Amino acid sequence: SLRALQMSLVGTIRTNRVGFPPELRNDRKKFEKHAERGVTRYIREREHLYLQWKDKRCVSMYTNIHLGHEHDNVVRNVKVDGVHAQVNVPRPLCIRDYNGSMGGVDTFDQLIST
């Protein structure tokens with residue numbers, strides 16, 4: 001167990017990964033097509049949280065340190081009746097934490113590829 005080793009983890013995960021819950025995998029395309037922006041669905045298996053969040057596209061995440069119902073808001077530009085407007089969209093805290101910590105990893109990957 002990662003918690004027994006005092007390791008915390010948050011990151012994206014592919015839906016075809018072994019161990020990913022089939023309840024989230026089977027209708028991902030339907031969820032992506034019909035869900036409104038900001039909708040979250042998740043499954044918790046003991047300390048493991050598998051989460052899908054709909055922004056512009058569906059994002060699948062795994063974490064062992066967050067709860068599924070924790071959210072903050074993020075401002076997005078959307079087109080409503082032909083007019084662009086800013087709306088608040090609920091965002092899971094695991095997405096916020098992931099985005100905040102990825103800067104160094106992305107920079108490192110860019111330096112390695114050159």
# chains A, B, ... in the order shown; residues from 1 in each chain; ligands from 1

$ residues_around --residues "Val10 in chain A" --least-positions-apart "5" --cutoff "9 Å" --atoms "only C-alpha atoms" --output "compact mmCIF listing (two decimals) with C-alpha atoms, in the first residue's frame"
# COMPACT_ATOMS: atom_id res chain seq x y z
CA MET A 61 -7.24 10.96 -12.75
CA TYR A 62 -5.94 8.68 -10.01
CA THR A 63 -5.11 9.88 -6.50
CA ASN A 64 -4.67 8.45 -3.04
CA ILE A 65 -4.70 11.77 -1.14
CA HIS A 66 -7.91 13.51 -2.25
CA CYS A 94 -6.83 16.81 -7.44
CA ILE A 95 -6.86 18.54 -10.87
CA ASP A 97 -2.91 20.08 -7.36
CA TYR A 98 -1.82 18.09 -10.40

$ select_by_dssp --residues "chain A" --states "helix (DSSP H, G or I)" --output "PDB file with N, CA and C atoms, in the first residue's frame"
ATOM      1  N   PRO A  22     -14.098  -0.588 -14.415  1.00  0.00           N
ATOM      2  CA  PRO A  22     -14.866  -0.719 -15.665  1.00  0.00           C
ATOM      3  C   PRO A  22     -16.114   0.161 -15.683  1.00  0.00           C
ATOM      4  N   GLU A  23     -16.639   0.539 -14.508  1.00  0.00           N
ATOM      5  CA  GLU A  23     -17.817   1.401 -14.461  1.00  0.00           C
ATOM      6  C   GLU A  23     -17.526   2.774 -15.083  1.00  0.00           C
ATOM      7  N   LEU A  24     -16.288   3.250 -14.953  1.00  0.00           N
ATOM      8  CA  LEU A  24     -15.903   4.521 -15.555  1.00  0.00           C
ATOM      9  C   LEU A  24     -15.413   4.346 -16.981  1.00  0.00           C
ATOM     10  N   ARG A  25     -14.858   3.191 -17.282  1.00  0.00           N
ATOM     11  CA  ARG A  25     -14.284   2.951 -18.598  1.00  0.00           C
ATOM     12  C   ARG A  25     -15.351   2.734 -19.660  1.00  0.00           C
ATOM     13  N   ARG A  28     -17.266   6.035 -21.053  1.00  0.00           N
ATOM     14  CA  ARG A  28     -16.489   7.280 -21.052  1.00  0.00           C
ATOM     15  C   ARG A  28     -16.870   8.167 -22.224  1.00  0.00           C
ATOM     16  N   LYS A  29     -17.045   7.592 -23.405  1.00  0.00           N
ATOM     17  CA  LYS A  29     -17.388   8.402 -24.584  1.00  0.00           C
ATOM     18  C   LYS A  29     -18.767   9.038 -24.431  1.00  0.00           C
ATOM     19  N   LYS A  30     -19.714   8.304 -23.848  1.00  0.00           N
ATOM     20  CA  LYS A  30     -21.044   8.869 -23.608  1.00  0.00           C
ATOM     21  C   LYS A  30     -20.950  10.000 -22.587  1.00  0.00           C
ATOM     22  N   PHE A  31     -20.156   9.801 -21.543  1.00  0.00           N
ATOM     23  CA  PHE A  31     -19.950  10.835 -20.526  1.00  0.00           C
ATOM     24  C   PHE A  31     -19.340  12.084 -21.151  1.00  0.00           C
ATOM     25  N   GLU A  32     -18.315  11.883 -22.002  1.00  0.00           N
ATOM     26  CA  GLU A  32     -17.632  13.012 -22.635  1.00  0.00           C
ATOM     27  C   GLU A  32     -18.570  13.773 -23.567  1.00  0.00           C
ATOM     28  N   LYS A  33     -19.458  13.058 -24.231  1.00  0.00           N
ATOM     29  CA  LYS A  33     -20.341  13.686 -25.207  1.00  0.00           C
ATOM     30  C   LYS A  33     -21.513  14.415 -24.547  1.00  0.00           C
ATOM     31  N   HIS A  34     -22.083  13.857 -23.495  1.00  0.00           N
ATOM     32  CA  HIS A  34     -23.333  14.384 -22.946  1.00  0.00           C
ATOM     33  C   HIS A  34     -23.196  15.175 -21.650  1.00  0.00           C
ATOM     34  N   LEU A  93     -10.160  19.249  -6.603  1.00  0.00           N
ATOM     35  CA  LEU A  93      -8.886  19.701  -6.049  1.00  0.00           C
ATOM     36  C   LEU A  93      -7.710  18.878  -6.565  1.00  0.00           C
ATOM     37  N   CYS A  94      -7.937  17.620  -6.917  1.00  0.00           N
ATOM     38  CA  CYS A  94      -6.832  16.814  -7.441  1.00  0.00           C
ATOM     39  C   CYS A  94      -6.354  17.358  -8.792  1.00  0.00           C
ATOM     40  N   ILE A  95      -7.253  17.922  -9.597  1.00  0.00           N
ATOM     41  CA  ILE A  95      -6.863  18.544 -10.870  1.00  0.00           C
ATOM     42  C   ILE A  95      -6.026  19.787 -10.588  1.00  0.00           C
ATOM     43  N   ARG A  96      -6.463  20.603  -9.635  1.00  0.00           N
ATOM     44  CA  ARG A  96      -5.713  21.808  -9.271  1.00  0.00           C
ATOM     45  C   ARG A  96      -4.308  21.453  -8.788  1.00  0.00           C
ATOM     46  N   ASP A  97      -4.209  20.470  -7.895  1.00  0.00           N
ATOM     47  CA  ASP A  97      -2.908  20.083  -7.357  1.00  0.00           C
ATOM     48  C   ASP A  97      -2.015  19.483  -8.430  1.00  0.00           C
ATOM     49  N   TYR A  98      -2.589  18.682  -9.310  1.00  0.00           N
ATOM     50  CA  TYR A  98      -1.822  18.086 -10.403  1.00  0.00           C
ATOM     51  C   TYR A  98      -1.263  19.169 -11.320  1.00  0.00           C
ATOM     52  N   ASN A  99      -2.117  20.111 -11.731  1.00  0.00           N
ATOM     53  CA  ASN A  99      -1.669  21.182 -12.624  1.00  0.00           C
ATOM     54  C   ASN A  99      -0.617  22.060 -11.967  1.00  0.00           C
ATOM     55  N   GLY A 100      -0.752  22.293 -10.667  1.00  0.00           N
ATOM     56  CA  GLY A 100       0.212  23.123  -9.959  1.00  0.00           C
ATOM     57  C   GLY A 100       1.579  22.485  -9.814  1.00  0.00           C
ATOM     58  N   SER A 101       1.643  21.173  -9.804  1.00  0.00           N
ATOM     59  CA  SER A 101       2.932  20.492  -9.599  1.00  0.00           C
ATOM     60  C   SER A 101       3.558  19.990 -10.895  1.00  0.00           C
ATOM     61  N   GLY A 103       4.536  21.722 -13.585  1.00  0.00           N
ATOM     62  CA  GLY A 103       5.427  22.654 -14.276  1.00  0.00           C
ATOM     63  C   GLY A 103       6.859  22.161 -14.358  1.00  0.00           C
ATOM     64  N   GLY A 104       7.424  21.698 -13.250  1.00  0.00           N
ATOM     65  CA  GLY A 104       8.804  21.223 -13.255  1.00  0.00           C
ATOM     66  C   GLY A 104       8.998  19.979 -14.080  1.00  0.00           C
ATOM     67  N   VAL A 105       8.042  19.077 -14.062  1.00  0.00           N
ATOM     68  CA  VAL A 105       8.140  17.843 -14.838  1.00  0.00           C
ATOM     69  C   VAL A 105       8.092  18.152 -16.323  1.00  0.00           C
ATOM     70  N   ASP A 106       7.187  19.038 -16.737  1.00  0.00           N
ATOM     71  CA  ASP A 106       7.087  19.401 -18.145  1.00  0.00           C
ATOM     72  C   ASP A 106       8.352  20.087 -18.637  1.00  0.00           C
ATOM     73  N   THR A 107       8.926  20.968 -17.833  1.00  0.00           N
ATOM     74  CA  THR A 107      10.161  21.651 -18.204  1.00  0.00           C
ATOM     75  C   THR A 107      11.301  20.639 -18.332  1.00  0.00           C
ATOM     76  N   PHE A 108      11.386  19.707 -17.411  1.00  0.00           N
ATOM     77  CA  PHE A 108      12.412  18.676 -17.447  1.00  0.00           C
ATOM     78  C   PHE A 108      12.275  17.824 -18.709  1.00  0.00           C
ATOM     79  N   ASP A 109      11.046  17.428 -19.042  1.00  0.00           N
ATOM     80  CA  ASP A 109      10.809  16.638 -20.258  1.00  0.00           C
ATOM     81  C   ASP A 109      11.197  17.411 -21.500  1.00  0.00           C
ATOM     82  N   GLN A 110      10.936  18.710 -21.529  1.00  0.00           N
ATOM     83  CA  GLN A 110      11.312  19.529 -22.688  1.00  0.00           C
ATOM     84  C   GLN A 110      12.827  19.593 -22.819  1.00  0.00           C
ATOM     85  N   LEU A 111      13.535  19.747 -21.712  1.00  0.00           N
ATOM     86  CA  LEU A 111      14.995  19.821 -21.766  1.00  0.00           C
ATOM     87  C   LEU A 111      15.604  18.505 -22.229  1.00  0.00           C
ATOM     88  N   ILE A 112      15.041  17.399 -21.813  1.00  0.00           N
ATOM     89  CA  ILE A 112      15.564  16.085 -22.215  1.00  0.00           C
ATOM     90  C   ILE A 112      15.348  15.861 -23.712  1.00  0.00           C
ATOM     91  N   SER A 113      14.214  16.318 -24.253  1.00  0.00           N
ATOM     92  CA  SER A 113      13.895  16.047 -25.661  1.00  0.00           C
ATOM     93  C   SER A 113      14.728  16.864 -26.634  1.00  0.00           C
TER      94      SER A 113
END

$ residues_around --residues "range 71-81 of chain A" --least-positions-apart "6" --cutoff "7 Å" --atoms "only C-alpha atoms" --output "PyMOL selection string"
chain A and resi 87-93

$ select_by_dssp --residues "range 14-113 of chain A" --states "strand (DSSP E or B)" --output "MDAnalysis selection string"
chainID A and resid 40:45 48:54 58:63 71:80 83:92

$ write_last_selection --atoms "C-alpha atoms" --output "short mmCIF file (atom, residue, chain, number, x, y, z; two decimals), in the first residue's frame"
data_model
loop_
_atom_site.label_atom_id
_atom_site.label_comp_id
_atom_site.auth_asym_id
_atom_site.auth_seq_id
_atom_site.Cartn_x
_atom_site.Cartn_y
_atom_site.Cartn_z
CA THR A 40 -17.30 14.99 -11.94
CA ARG A 41 -17.80 11.30 -11.36
CA TYR A 42 -15.60 9.06 -9.26
CA ILE A 43 -15.17 5.67 -7.65
CA ARG A 44 -13.28 5.07 -4.43
CA GLU A 45 -11.72 1.67 -3.78
CA HIS A 48 -7.64 4.65 -4.29
CA LEU A 49 -9.73 7.35 -5.97
CA TYR A 50 -10.43 7.12 -9.69
CA LEU A 51 -12.00 10.31 -10.99
CA GLN A 52 -13.26 11.65 -14.31
CA TRP A 53 -13.89 15.36 -14.82
CA LYS A 54 -15.42 16.99 -17.87
CA CYS A 58 -12.88 14.18 -20.28
CA VAL A 59 -9.87 13.94 -17.93
CA SER A 60 -9.23 10.71 -15.98
CA MET A 61 -7.24 10.96 -12.75
CA TYR A 62 -5.94 8.68 -10.01
CA THR A 63 -5.11 9.88 -6.50
CA HIS A 71 -13.92 21.20 -5.46
CA ASP A 72 -12.92 24.77 -6.15
CA ASN A 73 -13.98 26.97 -9.08
CA VAL A 74 -12.12 27.92 -12.22
CA VAL A 75 -13.20 30.57 -14.75
CA ARG A 76 -13.76 29.37 -18.31
CA ASN A 77 -14.76 31.28 -21.45
CA VAL A 78 -17.80 29.72 -23.11
CA LYS A 79 -20.08 30.70 -25.94
CA VAL A 80 -23.67 31.19 -24.76
CA VAL A 83 -21.91 35.55 -27.13
CA HIS A 84 -18.71 34.75 -25.27
CA ALA A 85 -19.08 34.80 -21.51
CA GLN A 86 -17.02 33.82 -18.48
CA VAL A 87 -18.51 31.16 -16.23
CA ASN A 88 -17.33 29.49 -13.03
CA VAL A 89 -16.81 25.76 -13.49
CA PRO A 90 -16.30 23.42 -10.52
CA ARG A 91 -12.88 21.73 -10.60
CA PRO A 92 -11.76 18.84 -8.38
#

$ closest_residue --among "A:Ala35, A:Gly68, A:Asp55, A:Met102" --to "Thr12 in chain A" --atoms "only C-alpha atoms"
A:Met102

$ atom_distance --atom1 "CA of Leu9 in chain A" --atom2 "CA of Pro21 in chain A"
17.6 Å

$ atom_distance --atom1 "CA of Gly38 in chain A" --atom2 "CA of Met7 in chain A"
28.6 Å

$ closest_residue --among "A:Glu36, A:Asp27, A:Glu70, A:Glu47" --to "Ala4 in chain A" --atoms "only C-alpha atoms"
A:Glu47

$ decode --residues "range 20-61 of chain A" --atoms "N, CA and C atoms" --output "PDB file, in the first residue's frame"
ATOM      1  N   PHE A  20      -8.175  -0.057 -13.735  1.00  0.00           N
ATOM      2  CA  PHE A  20      -9.093   1.082 -13.847  1.00  0.00           C
ATOM      3  C   PHE A  20     -10.520   0.558 -13.789  1.00  0.00           C
ATOM      4  N   PRO A  21     -11.382   1.164 -12.996  1.00  0.00           N
ATOM      5  CA  PRO A  21     -12.740   0.633 -12.808  1.00  0.00           C
ATOM      6  C   PRO A  21     -13.533   0.564 -14.111  1.00  0.00           C
ATOM      7  N   PRO A  22     -14.098  -0.588 -14.415  1.00  0.00           N
ATOM      8  CA  PRO A  22     -14.866  -0.719 -15.665  1.00  0.00           C
ATOM      9  C   PRO A  22     -16.114   0.161 -15.683  1.00  0.00           C
ATOM     10  N   GLU A  23     -16.639   0.539 -14.508  1.00  0.00           N
ATOM     11  CA  GLU A  23     -17.817   1.401 -14.461  1.00  0.00           C
ATOM     12  C   GLU A  23     -17.526   2.774 -15.083  1.00  0.00           C
ATOM     13  N   LEU A  24     -16.288   3.250 -14.953  1.00  0.00           N
ATOM     14  CA  LEU A  24     -15.903   4.521 -15.555  1.00  0.00           C
ATOM     15  C   LEU A  24     -15.413   4.346 -16.981  1.00  0.00           C
ATOM     16  N   ARG A  25     -14.858   3.191 -17.282  1.00  0.00           N
ATOM     17  CA  ARG A  25     -14.284   2.951 -18.598  1.00  0.00           C
ATOM     18  C   ARG A  25     -15.351   2.734 -19.660  1.00  0.00           C
ATOM     19  N   ASN A  26     -16.388   1.973 -19.341  1.00  0.00           N
ATOM     20  CA  ASN A  26     -17.321   1.498 -20.351  1.00  0.00           C
ATOM     21  C   ASN A  26     -18.114   2.596 -21.037  1.00  0.00           C
ATOM     22  N   ASP A  27     -18.489   3.644 -20.315  1.00  0.00           N
ATOM     23  CA  ASP A  27     -19.293   4.679 -20.948  1.00  0.00           C
ATOM     24  C   ASP A  27     -18.594   6.036 -20.939  1.00  0.00           C
ATOM     25  N   ARG A  28     -17.266   6.035 -21.053  1.00  0.00           N
ATOM     26  CA  ARG A  28     -16.489   7.280 -21.052  1.00  0.00           C
ATOM     27  C   ARG A  28     -16.870   8.167 -22.224  1.00  0.00           C
ATOM     28  N   LYS A  29     -17.045   7.592 -23.405  1.00  0.00           N
ATOM     29  CA  LYS A  29     -17.388   8.402 -24.584  1.00  0.00           C
ATOM     30  C   LYS A  29     -18.767   9.038 -24.431  1.00  0.00           C
ATOM     31  N   LYS A  30     -19.714   8.304 -23.848  1.00  0.00           N
ATOM     32  CA  LYS A  30     -21.044   8.869 -23.608  1.00  0.00           C
ATOM     33  C   LYS A  30     -20.950  10.000 -22.587  1.00  0.00           C
ATOM     34  N   PHE A  31     -20.156   9.801 -21.543  1.00  0.00           N
ATOM     35  CA  PHE A  31     -19.950  10.835 -20.526  1.00  0.00           C
ATOM     36  C   PHE A  31     -19.340  12.084 -21.151  1.00  0.00           C
ATOM     37  N   GLU A  32     -18.315  11.883 -22.002  1.00  0.00           N
ATOM     38  CA  GLU A  32     -17.632  13.012 -22.635  1.00  0.00           C
ATOM     39  C   GLU A  32     -18.570  13.773 -23.567  1.00  0.00           C
ATOM     40  N   LYS A  33     -19.458  13.058 -24.231  1.00  0.00           N
ATOM     41  CA  LYS A  33     -20.341  13.686 -25.207  1.00  0.00           C
ATOM     42  C   LYS A  33     -21.513  14.415 -24.547  1.00  0.00           C
ATOM     43  N   HIS A  34     -22.083  13.857 -23.495  1.00  0.00           N
ATOM     44  CA  HIS A  34     -23.333  14.384 -22.946  1.00  0.00           C
ATOM     45  C   HIS A  34     -23.196  15.175 -21.650  1.00  0.00           C
ATOM     46  N   ALA A  35     -22.106  15.024 -20.929  1.00  0.00           N
ATOM     47  CA  ALA A  35     -21.966  15.713 -19.645  1.00  0.00           C
ATOM     48  C   ALA A  35     -21.653  17.190 -19.856  1.00  0.00           C
ATOM     49  N   GLU A  36     -22.161  18.015 -18.964  1.00  0.00           N
ATOM     50  CA  GLU A  36     -21.872  19.443 -18.989  1.00  0.00           C
ATOM     51  C   GLU A  36     -20.462  19.682 -18.449  1.00  0.00           C
ATOM     52  N   ARG A  37     -19.884  20.796 -18.807  1.00  0.00           N
ATOM     53  CA  ARG A  37     -18.566  21.171 -18.324  1.00  0.00           C
ATOM     54  C   ARG A  37     -18.601  21.313 -16.798  1.00  0.00           C
ATOM     55  N   GLY A  38     -17.634  20.700 -16.122  1.00  0.00           N
ATOM     56  CA  GLY A  38     -17.543  20.781 -14.669  1.00  0.00           C
ATOM     57  C   GLY A  38     -18.112  19.581 -13.941  1.00  0.00           C
ATOM     58  N   VAL A  39     -18.739  18.649 -14.652  1.00  0.00           N
ATOM     59  CA  VAL A  39     -19.320  17.465 -14.015  1.00  0.00           C
ATOM     60  C   VAL A  39     -18.194  16.494 -13.639  1.00  0.00           C
ATOM     61  N   THR A  40     -18.292  15.943 -12.437  1.00  0.00           N
ATOM     62  CA  THR A  40     -17.302  14.994 -11.941  1.00  0.00           C
ATOM     63  C   THR A  40     -18.004  13.696 -11.570  1.00  0.00           C
ATOM     64  N   ARG A  41     -17.349  12.589 -11.860  1.00  0.00           N
ATOM     65  CA  ARG A  41     -17.802  11.296 -11.358  1.00  0.00           C
ATOM     66  C   ARG A  41     -16.570  10.540 -10.877  1.00  0.00           C
ATOM     67  N   TYR A  42     -16.758   9.736  -9.851  1.00  0.00           N
ATOM     68  CA  TYR A  42     -15.604   9.065  -9.260  1.00  0.00           C
ATOM     69  C   TYR A  42     -16.021   7.768  -8.593  1.00  0.00           C
ATOM     70  N   ILE A  43     -15.018   6.928  -8.390  1.00  0.00           N
ATOM     71  CA  ILE A  43     -15.175   5.673  -7.654  1.00  0.00           C
ATOM     72  C   ILE A  43     -14.011   5.570  -6.683  1.00  0.00           C
ATOM     73  N   ARG A  44     -14.316   5.278  -5.432  1.00  0.00           N
ATOM     74  CA  ARG A  44     -13.282   5.069  -4.426  1.00  0.00           C
ATOM     75  C   ARG A  44     -13.208   3.590  -4.112  1.00  0.00           C
ATOM     76  N   GLU A  45     -11.998   3.051  -4.177  1.00  0.00           N
ATOM     77  CA  GLU A  45     -11.720   1.668  -3.785  1.00  0.00           C
ATOM     78  C   GLU A  45     -10.653   1.721  -2.698  1.00  0.00           C
ATOM     79  N   ARG A  46     -11.086   1.568  -1.448  1.00  0.00           N
ATOM     80  CA  ARG A  46     -10.232   1.737  -0.269  1.00  0.00           C
ATOM     81  C   ARG A  46      -9.541   3.105  -0.344  1.00  0.00           C
ATOM     82  N   GLU A  47      -8.222   3.174  -0.408  1.00  0.00           N
ATOM     83  CA  GLU A  47      -7.555   4.481  -0.465  1.00  0.00           C
ATOM     84  C   GLU A  47      -7.388   5.008  -1.890  1.00  0.00           C
ATOM     85  N   HIS A  48      -7.801   4.249  -2.888  1.00  0.00           N
ATOM     86  CA  HIS A  48      -7.638   4.649  -4.287  1.00  0.00           C
ATOM     87  C   HIS A  48      -8.866   5.411  -4.768  1.00  0.00           C
ATOM     88  N   LEU A  49      -8.643   6.573  -5.390  1.00  0.00           N
ATOM     89  CA  LEU A  49      -9.735   7.345  -5.966  1.00  0.00           C
ATOM     90  C   LEU A  49      -9.498   7.479  -7.461  1.00  0.00           C
ATOM     91  N   TYR A  50     -10.437   6.968  -8.247  1.00  0.00           N
ATOM     92  CA  TYR A  50     -10.427   7.116  -9.694  1.00  0.00           C
ATOM     93  C   TYR A  50     -11.491   8.151 -10.030  1.00  0.00           C
ATOM     94  N   LEU A  51     -11.115   9.188 -10.765  1.00  0.00           N
ATOM     95  CA  LEU A  51     -12.004  10.307 -10.989  1.00  0.00           C
ATOM     96  C   LEU A  51     -11.995  10.702 -12.461  1.00  0.00           C
ATOM     97  N   GLN A  52     -13.158  11.078 -12.969  1.00  0.00           N
ATOM     98  CA  GLN A  52     -13.256  11.651 -14.308  1.00  0.00           C
ATOM     99  C   GLN A  52     -13.946  12.998 -14.193  1.00  0.00           C
ATOM    100  N   TRP A  53     -13.368  13.998 -14.849  1.00  0.00           N
ATOM    101  CA  TRP A  53     -13.888  15.355 -14.819  1.00  0.00           C
ATOM    102  C   TRP A  53     -14.044  15.840 -16.245  1.00  0.00           C
ATOM    103  N   LYS A  54     -15.172  16.474 -16.523  1.00  0.00           N
ATOM    104  CA  LYS A  54     -15.423  16.989 -17.865  1.00  0.00           C
ATOM    105  C   LYS A  54     -15.116  18.472 -17.887  1.00  0.00           C
ATOM    106  N   ASP A  55     -14.080  18.850 -18.617  1.00  0.00           N
ATOM    107  CA  ASP A  55     -13.815  20.253 -18.912  1.00  0.00           C
ATOM    108  C   ASP A  55     -14.151  20.398 -20.382  1.00  0.00           C
ATOM    109  N   LYS A  56     -13.201  20.757 -21.207  1.00  0.00           N
ATOM    110  CA  LYS A  56     -13.472  20.724 -22.647  1.00  0.00           C
ATOM    111  C   LYS A  56     -13.541  19.278 -23.118  1.00  0.00           C
ATOM    112  N   ARG A  57     -12.683  18.453 -22.531  1.00  0.00           N
ATOM    113  CA  ARG A  57     -12.680  17.009 -22.788  1.00  0.00           C
ATOM    114  C   ARG A  57     -12.700  16.294 -21.444  1.00  0.00           C
ATOM    115  N   CYS A  58     -12.850  14.997 -21.486  1.00  0.00           N
ATOM    116  CA  CYS A  58     -12.875  14.183 -20.279  1.00  0.00           C
ATOM    117  C   CYS A  58     -11.435  13.929 -19.812  1.00  0.00           C
ATOM    118  N   VAL A  59     -11.180  14.159 -18.523  1.00  0.00           N
ATOM    119  CA  VAL A  59      -9.868  13.936 -17.927  1.00  0.00           C
ATOM    120  C   VAL A  59     -10.019  12.850 -16.874  1.00  0.00           C
ATOM    121  N   SER A  60      -9.199  11.806 -16.956  1.00  0.00           N
ATOM    122  CA  SER A  60      -9.234  10.711 -15.983  1.00  0.00           C
ATOM    123  C   SER A  60      -8.031  10.840 -15.064  1.00  0.00           C
ATOM    124  N   MET A  61      -8.285  10.760 -13.749  1.00  0.00           N
ATOM    125  CA  MET A  61      -7.238  10.957 -12.751  1.00  0.00           C
ATOM    126  C   MET A  61      -7.249   9.809 -11.747  1.00  0.00           C
TER     127      MET A  61
END
